[in-house]
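**Student:** Here you go, one structure.
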Amino acid sequence: MNPEFKHNTITKISLTVKPDRMSLFSTLLGQGFSLKIRIGISVRDLLCRQIGVGADYLDQRIQTIFLDGKVVDNAKTAVIRQGSTLALSAAMPGLAGATLRRGGAYAAMRSQISHKNNTVDDSAETGTVMLKLFNLVALELGPMFLKQGLYIHGKNLENFFQRIPDYFWDGCLAAEIDGISQGARKISLMEWGQEQVFLKLKTKEETQQQKPDLS
Amino acid sequence: MDKILRINMGDENGPKAIEEPLGDYAGLGGRGMTSAIISKEVPPLCHPLGKDNKLVIAPGLLSGSHAAQSGRASVGCKSPLTGGIKEANVGGQGAQVLARIGYAAIVLEGKPSDNTLYKAVINKDGVEITPDNSLKMMGNYDLVDKLKKEYGDKVACISIGPAGEMKMAAASVAFTDMEQRPTRHAGRGGVGAVMGAKGVKVIILDDTGMPTRSPKDQEKFKAANKAFVQGLKKHPITGEGLPSFGTNILTNVINEAGALPTHNFKTGRFDGAGNISGETQSEIMKARGGMVAHGCHKGCVIRCSGIYNDKDGHYVTKRPEYETVWAHGGNCGIDDMDAIAELDRMDDDYGLDTIEMGATIGVVMEAGLAKFGDAQAAINLLKEVGKGTPMGRILGSGAAVTGKVFGVERVPVVKGQALPAYDPRSVQGIGVTYATSTMGADHTAGYAVTANVLNVGGSVDPLKPEGQVELSRNLQIATAAIDATGMCLFIAFAVLDQPETFDALVDMISAFTGQNLTADDVTELGKNILSFERDFNSRAGFTAKDDRLPDFFKAEALPPHNVIFEVRDEDLDQVYNW
């Protein structure tokens, strides 16, 4: 644990990075982050009505959807539950990639892992959902989530910062933990264990006045 | 490309080369050529390393032309790994250069009477085959560096590493890429061992002074090729996904599906998948000054390969492909991208199939000789193979032999060849192809190519269970036909989704050959190739019992979805009924 940041609430990390460093966070987005959202609704409603993904983007770009590891063929009839994991990907290569496409010609080849339709409920309850973004979808939707801020499992964040390429730190212009300015590299040494951590990114081009603090 | 070069390595006066017209093999290319020659000329019961086996290297029908993506070659023989017919498909420069020199196939025949090692130089003036024992036990990288000094940096090399010389059943044949590195491999089935048995270390191809192959209808070809390239570039897979992340774009997705074979096929999810995903791999490559999008041969517009550098920015290997990342990664519990890149480099240098070696090391870990996740142990085991120690000889014989030696029950092979990177319990249609392919377990044997566009075998209702068998059959037919053209299988996605790109492909082939190709012609070609192969295997002693997955796929439920392979044996037996 990090004695200097003892608290009773979730740790909040805010990083200001150069725009070209944003793509490095694809790895993290692929491992998943938590969202508090309305549950009992369809995948389509979650993405288009709650999150604000365009219908065309969903229909054309997000070709592969997993709900709790099962392949979704119809985003209108797959329903989000408390604790669900939703993963989004662009179209994938290979025979396996083709079979995993929603509603694809080869759907029969993976019927054992296809998501079975379930029903929408009107309870309007709020719950927690894990969202994973892969490949092109991570590059395209990721910045929106990162700028809004997202909840990450502490172990994933630790692992991410330990493995991130060195050049990231040159482009990390500022770092705050719970509102207190910190040396950016210090983050890579911290341990969060099983905690959830709130991570928020800002992007900014480096200026003369904003040399990175690499202490 | 109107002649065949036959090199008899067993002639009493030393290697003897003759040129022949195409004869009965006219109009064939790639897999069509290799499987026709093997089926017709090789006694099915011969020893794969004996004088009666032949090694056939054939560029595709369009190779050597300006057709985009046409740089694939086929390497065929009776396989020392499976005992059946083998076609191993490979990129790199070899297909283009060989086709421009004018050969539709090189056939290595016979067997030298001693252990002399030869090199063959082929150019517009003919063939020169000379003994060169200085090349013995040289790794592919050192070999190509040495040859570059002698023959320049424009030639293409087709070579074997120490594994091929030691006639290991997992040995590959290396083809050099655009940078003249031996990174592209005809990996599967032990084709390198057959080249080693012929005593040929390397074939050096020099197309200096030879023109690009011309189509019969230049204008139509040019227009069709342009439309084809546009189709590839605008499709999200071939235009964006593959150039951005390579084939390893699949790791995260297959893992999420619960279909990533992990710890020797024990589970379908790997906790460390994110650390070795295509997304992570691309960021590492960018950070180290590598190259994220790069073709393996001239004329590639998809560029799914790349350059992987070490932490100091020095070249290590090409971008390890998804199959390699899986085999040496998740299958062995290893989530260290640098270790996987090192293993890939070693495989290429020794001349080994990365899928077979990753699966074999997984079996060794299952046997308890190393721990899952121990990257250094995997590297040390692979070094044993390169050195040819007794342990290395066992591992170099592949997963099936290794499993027998160490008493492992869970050995993921069909017809003696290791399964690739998709667990057939999760994606059962792929399991049908693994089980019934003439090649042994092979993910490219039934690729998602144009089956539905061609309507091969009639329309299939994908919602019916028997659809899995029909789809697999149709895909295997269509794939065999594509393998004959020399086209990269990755064109499949654009062709599958965009009718105008499919039309452009058909127009391009028609304009090149001067024939009006129809979907029926393509189907017939695919069926003919499979019939050659099936017939060979039947005469080699294969029966229905060889078209099965190992028992554990039916007995052990795969987490996280806890599924088993459910396709019935009697349904598998229907795949070749057309």
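Each chain in the structure tokens gets a letter, A, B, ..., in the order shown, and its residues are numbered from 1; ligands are numbered from 1 in order too.
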Up to 6 Å from chain B, what residues of chain A turn up? Count only C-alpha atoms and give them as a list in words.

**Tutor:**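 The complete set of qualifying residues is Thr27, Gly69, Leu95, Ala108, Met109 and Arg110 of chain A.
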
**Student:** Export all heavy atoms of the chosen residues as a short mmCIF file (atom, residue, chain, number, x, y, z; two decimals), in the first residue's frame?

**Tutor:**
```cif
data_model
loop_
_atom_site.label_atom_id
_atom_site.label_comp_id
_atom_site.auth_asym_id
_atom_site.auth_seq_id
_atom_site.Cartn_x
_atom_site.Cartn_y
_atom_site.Cartn_z
N THR A 27 -4.02 -1.10 -24.00
CA THR A 27 -3.80 -2.32 -23.23
C THR A 27 -4.70 -2.34 -21.99
O THR A 27 -5.33 -3.35 -21.67
CB THR A 27 -2.33 -2.39 -22.78
OG1 THR A 27 -1.52 -2.45 -23.94
CG2 THR A 27 -2.07 -3.62 -21.93
N GLY A 69 -18.53 -13.09 -21.99
CA GLY A 69 -17.73 -14.04 -22.75
C GLY A 69 -18.48 -14.75 -23.85
O GLY A 69 -17.89 -15.51 -24.62
N LEU A 95 -10.58 -17.33 -39.72
CA LEU A 95 -11.86 -18.04 -39.64
C LEU A 95 -12.50 -17.82 -38.28
O LEU A 95 -13.71 -17.59 -38.19
CB LEU A 95 -11.64 -19.55 -39.88
CG LEU A 95 -12.89 -20.41 -39.75
CD1 LEU A 95 -14.01 -19.92 -40.65
CD2 LEU A 95 -12.56 -21.86 -40.07
N ALA A 108 -22.81 -20.53 -36.95
CA ALA A 108 -23.08 -21.90 -36.51
C ALA A 108 -21.84 -22.58 -35.97
O ALA A 108 -21.93 -23.50 -35.15
CB ALA A 108 -23.63 -22.72 -37.67
N MET A 109 -20.68 -22.12 -36.41
CA MET A 109 -19.44 -22.81 -36.03
C MET A 109 -19.06 -22.56 -34.57
O MET A 109 -18.16 -23.18 -34.06
CB MET A 109 -18.30 -22.38 -36.96
CG MET A 109 -18.58 -22.74 -38.41
SD MET A 109 -17.27 -22.26 -39.55
CE MET A 109 -16.31 -23.76 -39.65
N ARG A 110 -19.77 -21.60 -33.92
CA ARG A 110 -19.48 -21.36 -32.50
C ARG A 110 -20.77 -21.28 -31.69
O ARG A 110 -20.86 -20.49 -30.74
CB ARG A 110 -18.62 -20.11 -32.31
CG ARG A 110 -19.01 -18.85 -33.09
CD ARG A 110 -20.16 -18.06 -32.57
NE ARG A 110 -20.40 -16.85 -33.34
CZ ARG A 110 -21.53 -16.16 -33.27
NH1 ARG A 110 -22.53 -16.59 -32.50
NH2 ARG A 110 -21.70 -15.06 -33.99
#
```

**Student:** Can you list, as a VMD selection string, all residues belonging to stretch 91-284 of chain B that DSSP tags as helix (DSSP H, G or I)?

**Tutor:** chain B and resid 94 to 101 133 to 135 140 to 151 162 to 165 188 to 197 218 to 234 236 to 245 247 to 256 273 to 276 278 to 284

**Student:** Just the residues within 12 Å of B:Glu179, please, counting only C-alpha atoms, with nothing from its chain fewer than 4 positions along; format it as a list in words.

**Tutor:**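 Counting only C-alpha atoms, the residues come to Gly92, Gln93, Tyr141, Val144, Asp145, Lys148, Gly152, Asp153, Lys154, Val155, Ala156, Cys157, Phe175, Thr183, Arg184, His294, Gly295, Cys296, His297, Lys298, Gly306, Ile307, Tyr315, Thr317 and Lys318 of chain B.
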
**Student:** Write out as a ChimeraX atom specification all residues of stretch 123-227 of chain B that backbone DSSP assigns to strand (DSSP E or B).

**Tutor:** /B:123,126-131,156-159,171,173-175,184-186,200-205

**Student:** Between A:Phe25, A:Trp192, A:Phe66, A:Phe160, which one has atoms that come closest to A:Val43, using only C-alpha atoms?

**Tutor:** A:Phe66

**Student:** Quick one: residues within 7 Å of B:Val42, only C-alpha atoms counted, chain neighbours fewer than 2 positions away excluded, as a list in words?

**Tutor:**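 Neighbouring residues, sequence-local ones excluded: Ile38, Ser39, Lys40, Pro44, Asp52, Asn53 and Lys54 of chain B.
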
**Student:** Would you output that residue set with N, CA, C and O atoms, as an mmCIF file, in the first residue's frame?

**Tutor:**
```cif
data_model
loop_
_atom_site.group_PDB
_atom_site.id
_atom_site.type_symbol
_atom_site.label_atom_id
_atom_site.label_comp_id
_atom_site.auth_asym_id
_atom_site.auth_seq_id
_atom_site.Cartn_x
_atom_site.Cartn_y
_atom_site.Cartn_z
ATOM 1 N N ILE B 38 2.779 -34.589 -55.859
ATOM 2 C CA ILE B 38 2.988 -35.551 -54.777
ATOM 3 C C ILE B 38 2.028 -36.730 -54.939
ATOM 4 O O ILE B 38 2.420 -37.896 -54.828
ATOM 5 N N SER B 39 0.791 -36.417 -55.206
ATOM 6 C CA SER B 39 -0.208 -37.481 -55.315
ATOM 7 C C SER B 39 0.106 -38.428 -56.464
ATOM 8 O O SER B 39 -0.078 -39.641 -56.354
ATOM 9 N N LYS B 40 0.587 -37.866 -57.564
ATOM 10 C CA LYS B 40 0.821 -38.685 -58.748
ATOM 11 C C LYS B 40 2.176 -39.404 -58.717
ATOM 12 O O LYS B 40 2.295 -40.536 -59.179
ATOM 13 N N PRO B 44 2.786 -43.535 -51.807
ATOM 14 C CA PRO B 44 2.232 -43.098 -50.514
ATOM 15 C C PRO B 44 2.833 -43.823 -49.314
ATOM 16 O O PRO B 44 2.829 -43.276 -48.208
ATOM 17 N N ASP B 52 12.391 -41.823 -52.357
ATOM 18 C CA ASP B 52 11.180 -41.770 -53.180
ATOM 19 C C ASP B 52 10.285 -40.567 -52.869
ATOM 20 O O ASP B 52 9.380 -40.258 -53.640
ATOM 21 N N ASN B 53 10.510 -39.941 -51.746
ATOM 22 C CA ASN B 53 9.721 -38.746 -51.464
ATOM 23 C C ASN B 53 10.254 -37.587 -52.313
ATOM 24 O O ASN B 53 11.408 -37.606 -52.758
ATOM 25 N N LYS B 54 9.424 -36.601 -52.551
ATOM 26 C CA LYS B 54 9.837 -35.429 -53.327
ATOM 27 C C LYS B 54 9.444 -34.174 -52.571
ATOM 28 O O LYS B 54 8.444 -34.160 -51.856
#
```

**Student:** Using atom CA of B:Cys304 and atom CA of A:Asp166 as the two end points, give the distance in Å to one decimal.

**Tutor:**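 Straight-line distance from atom CA of B:Cys304 to atom CA of A:Asp166 works out to 25.3 Å.
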